[in-house]
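Data block below; observations after.
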Amino acid sequence: MPQQYRMLSKNTILFIGSLVFYGYGEGWLTLLLLFSIFFNWLIGLAIHRYHNNQNLKKLFLTLCVLVNIGVFFVFKYFDFTAGIINSVLKTNIPFLHLALPIGISFFTFQALSYVIDVYRGKAEVQKNPFYVGLYIALFPQLIAGPIVRYETIEKQIKYRTETKAGFSQGIARFITGLGKKVLIADTMAIFVDRIAYRIDMNQPVSVLMGWVAAFSYLFQIFFDFSSYSDMAIGLGKMFGFEFLENFNYPLTAVSVTDFWRRWHISLTSWFRDYIYIPLGGNRKGKPRMLLNMFIVWLLTGLWHGAAWTFIFWGMFNFGLQLIERIIGLGKKWQLPVLLAHIYAVLAGTLGFGVLFRASCMSSAIRHFKILIGIGSAGLVDSVSAFYIKNNWMFFVAAIIFSTAIGKKLAKNAVIYQILLGALFLMSIIYILKQVYSPFIYFNF
């Protein structure tokens with residue numbers, strides 16, 4: 001069989017398998033994914049056909065953005081927006097109460113990436129709808145990212161090859177992600193959810209309990225999401241794909257700006273290249289740059305969820321980055337390295353561990369107060385002390401594997417193979433005995 005037909009059959013099978021994978025959990029909402037695939041495929045063809053007509057190209061691109069964001073808005077933000085309008089204008093817009101399709105934030109951004117890259121001439125139009133479908137629906141990263149740019153895997157779709165070395169590396173990366181998820185993220189989740197309930201229900205919470213919960217959630221969300229990125233990258237390698245890295249040890253950052261260069265890289269780079277730079281970036285003076293930053297962080301907060309907590313979380317990050325730019329942190333002057341790490345981790349803890357996690361703003365405010373002793377049930381409590389005593393090894397593991405220490409251990413082949421085997425065995429044991437395994441990014 002000629003190479004091109006062999007690749008076509010492989011891609012078609014992988015595409016159909018991805019649809020079956022998505023349909024198993026989402027049922028009829030798979031039709032929404034199919035609509036996204038074929039609509040954006042057609043728009044890409046239209047832009048390519050009329051590439052010499054700038055007005056028509058812009059018209060098709062505008063239609064693409066309006067339809068994609070419109071569908072995204074209806075499923076994710078309609079009820080939130082209707083609630084605000086009803087509250088302010090005393091109207092009675094009925095809520096839709098639509099279930100949020102899993103992965104809609106990811107596959108919508110990928111679909112837009114494809115069309116925009118074709119519009120900009122950075123990628124060739126794909127005339128085969130199954131190849132566009134494979135790019136948008138590829139199951140390893142369909143429901144939890146990372147957000148893959150079409151230009152980065154355009155040639156891989158057509159010409160990739162599977163190798164024994166790549167498959168072996170993929171298995172190792174998948175096991176690493178699996179271990180991070182079930183051993184660290186899920187362990188942190190048990191304590192975080194218990195304390196979150198106490199905070200939401202206005203029950204007694206000590207200062208120590210509040211801080212442990214905040215730090216635990218930072219570890220939970222980091223290991224939860226980075227683990228799925230690891231597993232997606234690993235699965236991709238097994239099929240011959242090379243996805244870009246999505247995390248670069250963000251908990252070792254020395255500023256909030258540095259943190260966001262390392263955290264969820266595919267999302268921050270997407271907003272930079274498709275929102276911030278087209279708005280003018282930093283090319284049109286400081287006032288415009290600050291407005292562009294504000295817009296990007298507002299949209300970043302909203303991308304994560306239709307709630308005021310996410311909006312304030314976005315503004316929290318915007319405010320800190322604004323201060324860093326004004327004072328020239330990292331350029332005009334530097335904090336001592338240890339203080340810089342403490343500042344960056346503390347900012348991440350307050351942002352993710354309080355604002356991002358909170359069920360509502362009143363819960364977030366109460367948590368903030370508890371951290372400084374206002375309304376708390378004392379400084380220390382037996383519950384937090386018991387939790388730390390019985391789970392200290394997981395905290396140690398979280399600290400170690402949020403740095404490059406684990407990567408250095410992997411350089412010794414024998415030690416790496418032993419650790420990988422032990423990690424896989426422990427993960428399976430925990431999966432078999434564990435009934436609680438939340439996945440934060442299903443909400444996005």
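All residue names refer to the structure tokens as shown: chains lettered A, B, ... in order, residues numbered from 1 in each chain, ligands numbered from 1 in order.
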Task: Within 8 Å of Ile157 in chain A using only C-alpha atoms, minus same-chain residues under 5 positions, as a ChimeraX atom specification - done: /A:11,131,135,241
TODO: Quote the spacing between CA of Ser206 in chain A and CA of Leu379 in chain A in Å to one decimal place.
DONE: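 The value is 5.4 Å.
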- [ ] Please provide as a list in words all residues within 9 Å of Ile295 in chain A, with the sequence filter that same-chain residues fewer than 5 positions apart are discarded (counting only C-alpha atoms).
- [x]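 Contacts, in chain order: Ile275, Tyr276, Leu290 and Thr300 of chain A.
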- [ ] Please provide as a PyMOL selection string all residues within 8 Å of Ile37 in chain A, with the sequence filter that same-chain residues fewer than 5 positions apart are discarded (counting only C-alpha atoms).
- [x] chain A and resi 111+129+132-133+136
- [ ] Take CA of Ala253 in chain A and CA of Trp270 in chain A and report the distance between them in Å, one decimal.
- [x]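 CA of Trp270 in chain A lies at a distance of 20.4 Å from CA of Ala253 in chain A.
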What's around Ser229 in chain A at 10 Å? Count only C-alpha atoms, leave out sequence neighbours fewer than 3 positions away in its own chain, and write the answer as a short mmCIF file (atom, residue, chain, number, x, y, z; two decimals) with C-alpha atoms, in the first residue's frame.
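As a result, part-v4.cif now contains:
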data_model
loop_
_atom_site.label_atom_id
_atom_site.label_comp_id
_atom_site.auth_asym_id
_atom_site.auth_seq_id
_atom_site.Cartn_x
_atom_site.Cartn_y
_atom_site.Cartn_z
CA PRO A 140 -5.15 12.42 23.83
CA GLN A 141 -5.62 16.19 24.18
CA ALA A 144 -7.94 18.49 28.74
CA GLY A 145 -5.42 20.00 26.38
CA PRO A 146 -2.79 21.08 25.83
CA ILE A 147 -4.09 23.44 23.15
CA ARG A 173 5.65 9.94 29.97
CA PHE A 174 2.14 8.53 30.38
CA GLY A 177 1.46 11.70 34.38
CA PHE A 223 -0.29 18.05 39.38
CA ASP A 224 -3.85 17.47 38.12
CA PHE A 225 -3.50 19.49 34.95
CA SER A 226 0.20 18.89 34.27
CA ALA A 232 -1.54 13.56 26.38
CA ILE A 233 2.07 14.13 25.31
CA GLY A 234 2.84 10.49 26.08
CA LEU A 235 -0.11 9.15 24.12
CA PHE A 243 3.12 17.95 21.18
CA LEU A 244 4.82 20.98 22.67
CA GLU A 245 5.43 21.11 26.41
CA ASN A 246 2.67 22.71 28.46
CA PHE A 247 4.40 23.19 31.82
CA HIS A 264 -0.25 26.26 30.89
#
Would you give me, as JSON lines, each residue of range 236-264 of chain A having an atom within 12 Å of an atom of range 393-411 of chain A, along with its shortest atom pair and that distance in Å to one decimal, using only C-alpha atoms and sorting by chain and residue number?
{"residue": "A:Phe247", "atom": "CA", "partner": "A:Ser402", "partner_atom": "CA", "distance": 10.1}
{"residue": "A:Asn248", "atom": "CA", "partner": "A:Thr403", "partner_atom": "CA", "distance": 9.0}
{"residue": "A:Tyr249", "atom": "CA", "partner": "A:Thr403", "partner_atom": "CA", "distance": 5.7}
{"residue": "A:Pro250", "atom": "CA", "partner": "A:Ser402", "partner_atom": "CA", "distance": 7.8}
{"residue": "A:Leu251", "atom": "CA", "partner": "A:Ser402", "partner_atom": "CA", "distance": 6.2}
{"residue": "A:Thr252", "atom": "CA", "partner": "A:Thr403", "partner_atom": "CA", "distance": 6.5}
{"residue": "A:Ala253", "atom": "CA", "partner": "A:Thr403", "partner_atom": "CA", "distance": 10.1}
{"residue": "A:Arg262", "atom": "CA", "partner": "A:Ser402", "partner_atom": "CA", "distance": 11.7}
{"residue": "A:Trp263", "atom": "CA", "partner": "A:Ser402", "partner_atom": "CA", "distance": 11.7}
Task: Shell of 8 Å around range 57-74 of chain A, only C-alpha atoms, local chain residues under 2 positions omitted, as a PyMOL selection string - done: chain A and resi 36+40+43+46-47+50-51+53-55+76-78+104-105+108+112+115-116+119
Keeping N, CA and C atoms, export the residues of the selection given above as an mmCIF file, in the first residue's frame.
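Contents of the output file part30.cif:
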data_model
loop_
_atom_site.group_PDB
_atom_site.id
_atom_site.type_symbol
_atom_site.label_atom_id
_atom_site.label_comp_id
_atom_site.auth_asym_id
_atom_site.auth_seq_id
_atom_site.Cartn_x
_atom_site.Cartn_y
_atom_site.Cartn_z
ATOM 1 N N SER A 36 -18.276 21.644 14.758
ATOM 2 C CA SER A 36 -17.078 22.471 14.839
ATOM 3 C C SER A 36 -16.053 22.054 13.786
ATOM 4 N N ASN A 40 -15.450 24.626 10.499
ATOM 5 C CA ASN A 40 -14.143 25.261 10.386
ATOM 6 C C ASN A 40 -13.362 24.741 9.180
ATOM 7 N N ILE A 43 -14.803 26.810 6.345
ATOM 8 C CA ILE A 43 -14.316 28.192 6.410
ATOM 9 C C ILE A 43 -12.867 28.260 5.930
ATOM 10 N N ALA A 46 -12.901 28.164 2.229
ATOM 11 C CA ALA A 46 -13.375 29.429 1.660
ATOM 12 C C ALA A 46 -12.285 30.499 1.706
ATOM 13 N N ILE A 47 -11.579 30.574 2.831
ATOM 14 C CA ILE A 47 -10.491 31.559 2.938
ATOM 15 C C ILE A 47 -9.395 31.257 1.930
ATOM 16 N N TYR A 50 -10.546 32.210 -1.726
ATOM 17 C CA TYR A 50 -10.594 33.650 -1.991
ATOM 18 C C TYR A 50 -9.409 34.373 -1.333
ATOM 19 N N HIS A 51 -8.251 33.728 -1.373
ATOM 20 C CA HIS A 51 -7.086 34.298 -0.682
ATOM 21 C C HIS A 51 -6.633 35.618 -1.281
ATOM 22 N N ASN A 53 -8.767 37.922 -2.313
ATOM 23 C CA ASN A 53 -9.810 38.919 -2.030
ATOM 24 C C ASN A 53 -9.808 39.206 -0.524
ATOM 25 N N GLN A 54 -9.160 40.295 -0.129
ATOM 26 C CA GLN A 54 -8.981 40.580 1.287
ATOM 27 C C GLN A 54 -10.298 40.779 2.013
ATOM 28 N N ASN A 55 -11.254 41.404 1.345
ATOM 29 C CA ASN A 55 -12.554 41.658 1.992
ATOM 30 C C ASN A 55 -13.304 40.359 2.280
ATOM 31 N N LYS A 76 -21.435 28.034 27.621
ATOM 32 C CA LYS A 76 -20.624 28.292 28.811
ATOM 33 C C LYS A 76 -20.995 29.564 29.570
ATOM 34 N N TYR A 77 -21.490 30.574 28.851
ATOM 35 C CA TYR A 77 -21.650 31.879 29.495
ATOM 36 C C TYR A 77 -23.056 32.464 29.445
ATOM 37 N N PHE A 78 -23.978 31.821 28.727
ATOM 38 C CA PHE A 78 -25.300 32.427 28.572
ATOM 39 C C PHE A 78 -25.993 32.629 29.912
ATOM 40 N N ILE A 104 -14.878 21.742 25.494
ATOM 41 C CA ILE A 104 -15.294 22.755 24.519
ATOM 42 C C ILE A 104 -14.321 23.928 24.471
ATOM 43 N N SER A 105 -13.731 24.288 25.618
ATOM 44 C CA SER A 105 -12.767 25.388 25.633
ATOM 45 C C SER A 105 -11.527 25.041 24.828
ATOM 46 N N THR A 108 -12.571 24.422 20.792
ATOM 47 C CA THR A 108 -12.944 25.684 20.154
ATOM 48 C C THR A 108 -11.705 26.507 19.831
ATOM 49 N N LEU A 112 -10.262 27.554 16.076
ATOM 50 C CA LEU A 112 -9.931 28.933 15.714
ATOM 51 C C LEU A 112 -8.477 29.046 15.278
ATOM 52 N N VAL A 115 -8.122 27.949 11.563
ATOM 53 C CA VAL A 115 -8.626 28.913 10.579
ATOM 54 C C VAL A 115 -7.747 30.166 10.543
ATOM 55 N N ILE A 116 -7.357 30.668 11.708
ATOM 56 C CA ILE A 116 -6.530 31.879 11.755
ATOM 57 C C ILE A 116 -5.164 31.631 11.123
ATOM 58 N N TYR A 119 -5.654 31.708 7.467
ATOM 59 C CA TYR A 119 -5.877 33.110 7.070
ATOM 60 C C TYR A 119 -4.563 33.882 7.005
#
Determine, counting only C-alpha atoms, which protein, DNA and RNA residues have an atom within 9 Å of an atom of Gly305 in chain A; residues of the same chain fewer than 2 positions away are not included. Present the result as a short mmCIF file (atom, residue, chain, number, x, y, z; two decimals) with N, CA and C atoms, in the first residue's frame.
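selection_5.cif was written with the following content:
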data_model
loop_
_atom_site.label_atom_id
_atom_site.label_comp_id
_atom_site.auth_asym_id
_atom_site.auth_seq_id
_atom_site.Cartn_x
_atom_site.Cartn_y
_atom_site.Cartn_z
N LYS A 76 -21.44 28.03 27.62
CA LYS A 76 -20.62 28.29 28.81
C LYS A 76 -21.00 29.56 29.57
N TYR A 77 -21.49 30.57 28.85
CA TYR A 77 -21.65 31.88 29.50
C TYR A 77 -23.06 32.46 29.44
N GLY A 301 -9.45 34.78 32.61
CA GLY A 301 -10.30 34.41 33.73
C GLY A 301 -11.61 33.81 33.27
N LEU A 302 -12.25 34.45 32.29
CA LEU A 302 -13.53 33.95 31.79
C LEU A 302 -13.37 32.61 31.07
N TRP A 303 -12.24 32.40 30.41
CA TRP A 303 -12.02 31.11 29.72
C TRP A 303 -12.11 29.96 30.71
N ALA A 307 -17.86 32.69 36.21
CA ALA A 307 -18.08 33.01 37.62
C ALA A 307 -17.24 34.22 37.99
N TRP A 308 -17.72 34.98 38.98
CA TRP A 308 -16.99 36.17 39.40
C TRP A 308 -15.63 35.82 39.99
N THR A 309 -15.52 34.65 40.59
CA THR A 309 -14.23 34.25 41.18
C THR A 309 -13.15 34.17 40.10
N PHE A 310 -13.50 33.65 38.92
CA PHE A 310 -12.53 33.55 37.84
C PHE A 310 -12.16 34.92 37.28
N ILE A 311 -13.15 35.81 37.23
CA ILE A 311 -12.88 37.17 36.77
C ILE A 311 -11.91 37.88 37.72
N ASN A 443 -14.18 21.04 33.99
CA ASN A 443 -15.06 22.20 34.05
C ASN A 443 -14.77 23.22 32.98
N PHE A 444 -13.65 23.03 32.25
CA PHE A 444 -13.25 24.06 31.32
C PHE A 444 -13.41 23.64 29.87
#
- [ ] Return as a ChimeraX atom specification the full set of residues in range 8-156 of chain A whose backbone-based DSSP assignment is alpha helix (DSSP H).
- [x] /A:8-26,30-49,54-76,78-89,104-120,129-137,139-142,150-156
Please, could you write that set of residues out with C-alpha atoms as a short mmCIF file (atom, residue, chain, number, x, y, z; two decimals), in the first residue's frame?
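Just written: selection.cif:
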data_model
loop_
_atom_site.label_atom_id
_atom_site.label_comp_id
_atom_site.auth_asym_id
_atom_site.auth_seq_id
_atom_site.Cartn_x
_atom_site.Cartn_y
_atom_site.Cartn_z
CA LEU A 8 -4.90 8.17 5.26
CA SER A 9 -6.21 4.91 6.68
CA LYS A 10 -4.27 5.38 9.93
CA ASN A 11 -5.57 8.92 10.37
CA THR A 12 -9.14 7.93 9.52
CA ILE A 13 -9.09 5.14 12.10
CA LEU A 14 -7.58 7.47 14.70
CA PHE A 15 -10.20 10.12 13.92
CA ILE A 16 -13.09 7.67 14.22
CA GLY A 17 -11.60 6.29 17.43
CA SER A 18 -11.39 9.82 18.85
CA LEU A 19 -15.06 10.40 18.05
CA VAL A 20 -16.02 7.13 19.73
CA PHE A 21 -13.92 8.14 22.76
CA TYR A 22 -15.68 11.51 23.00
CA GLY A 23 -19.11 10.06 22.25
CA TYR A 24 -18.77 7.49 25.04
CA GLY A 25 -18.90 10.27 27.62
CA GLU A 26 -20.81 13.00 25.83
CA THR A 30 -20.56 14.70 19.81
CA LEU A 31 -22.67 16.39 17.12
CA LEU A 32 -21.39 19.73 18.43
CA LEU A 33 -17.82 18.54 17.97
CA LEU A 34 -18.62 17.34 14.45
CA PHE A 35 -20.22 20.70 13.65
CA SER A 36 -17.08 22.47 14.84
CA ILE A 37 -14.92 20.24 12.64
CA PHE A 38 -16.88 20.59 9.41
CA PHE A 39 -17.77 24.26 9.84
CA ASN A 40 -14.14 25.26 10.39
CA TRP A 41 -13.00 22.97 7.58
CA LEU A 42 -15.39 24.74 5.20
CA ILE A 43 -14.32 28.19 6.41
CA GLY A 44 -10.68 27.23 5.87
CA LEU A 45 -11.49 26.17 2.29
CA ALA A 46 -13.38 29.43 1.66
CA ILE A 47 -10.49 31.56 2.94
CA HIS A 48 -8.06 29.59 0.78
CA ARG A 49 -10.24 29.88 -2.32
CA GLN A 54 -8.98 40.58 1.29
CA ASN A 55 -12.55 41.66 1.99
CA LEU A 56 -13.98 38.18 1.52
CA LYS A 57 -11.17 36.66 3.56
CA LYS A 58 -11.96 39.01 6.45
CA LEU A 59 -15.65 38.28 6.09
CA PHE A 60 -15.10 34.52 6.37
CA LEU A 61 -12.72 34.96 9.30
CA THR A 62 -15.25 37.19 11.07
CA LEU A 63 -17.97 34.59 10.47
CA CYS A 64 -15.67 31.91 11.87
CA VAL A 65 -14.96 33.87 15.05
CA LEU A 66 -18.62 34.82 15.57
CA VAL A 67 -19.92 31.26 15.13
CA ASN A 68 -17.23 29.58 17.24
CA ILE A 69 -17.38 32.12 20.06
CA GLY A 70 -21.18 32.25 19.76
CA VAL A 71 -21.54 28.49 20.33
CA PHE A 72 -18.94 28.69 23.10
CA PHE A 73 -20.86 31.56 24.72
CA VAL A 74 -24.23 29.83 24.60
CA PHE A 75 -23.01 26.69 26.34
CA LYS A 76 -20.62 28.29 28.81
CA PHE A 78 -25.30 32.43 28.57
CA ASP A 79 -26.74 31.68 32.00
CA PHE A 80 -24.03 33.70 33.76
CA THR A 81 -24.64 36.69 31.48
CA ALA A 82 -28.42 36.34 31.77
CA GLY A 83 -28.10 36.34 35.55
CA ILE A 84 -26.12 39.59 35.50
CA ILE A 85 -28.60 41.25 33.12
CA ASN A 86 -31.57 40.07 35.20
CA SER A 87 -29.94 41.39 38.36
CA VAL A 88 -29.00 44.81 36.93
CA LEU A 89 -31.96 45.52 34.66
CA ILE A 104 -15.29 22.76 24.52
CA SER A 105 -12.77 25.39 25.63
CA PHE A 106 -9.94 23.35 24.14
CA PHE A 107 -11.44 22.23 20.82
CA THR A 108 -12.94 25.68 20.15
CA PHE A 109 -9.54 27.34 20.54
CA GLN A 110 -7.91 24.68 18.37
CA ALA A 111 -10.51 25.17 15.64
CA LEU A 112 -9.93 28.93 15.71
CA SER A 113 -6.18 28.34 15.61
CA TYR A 114 -6.54 26.31 12.41
CA VAL A 115 -8.63 28.91 10.58
CA ILE A 116 -6.53 31.88 11.76
CA ASP A 117 -3.29 30.13 10.76
CA VAL A 118 -4.73 29.47 7.28
CA TYR A 119 -5.88 33.11 7.07
CA ARG A 120 -2.41 34.37 8.04
CA PRO A 129 -12.06 16.99 6.34
CA PHE A 130 -10.89 13.89 8.21
CA TYR A 131 -7.48 15.49 8.76
CA VAL A 132 -9.03 18.67 10.15
CA GLY A 133 -11.23 16.43 12.28
CA LEU A 134 -8.22 14.51 13.53
CA TYR A 135 -6.48 17.76 14.50
CA ILE A 136 -9.49 19.09 16.42
CA ALA A 137 -10.73 15.81 17.92
CA PHE A 139 -8.37 12.07 21.77
CA PRO A 140 -5.15 12.42 23.83
CA GLN A 141 -5.62 16.19 24.18
CA LEU A 142 -9.29 16.59 23.27
CA TYR A 150 -2.30 23.41 13.79
CA GLU A 151 0.96 24.80 12.43
CA THR A 152 2.93 22.67 14.93
CA ILE A 153 1.46 19.33 13.83
CA GLU A 154 0.38 20.08 10.26
CA LYS A 155 3.18 18.00 8.78
CA GLN A 156 2.93 15.36 11.51
#
Open item on the list: Let me make sure I understand: among A:Val182, A:Ile102, A:Ile440, A:Met201, which one has the smallest atom-to-atom distance to Arg357 in chain A if we use only C-alpha atoms?
Closed with: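 Distance minimum relative to Arg357 in chain A lands on A:Ile440.
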- [ ] Measuring atom to atom with only C-alpha atoms, identify which of A:Ile195, A:Val148, A:Asn92, A:Lys127 is nearest to Leu208 in chain A.
- [x] A:Ile195
Open item on the list: Could you tell me how far CA of Leu355 in chain A sits from CA of Phe312 in chain A, in Å to one decimal place?
Closed with: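 About the pair CA of Phe312 in chain A and CA of Leu355 in chain A: they are 7.3 Å apart.
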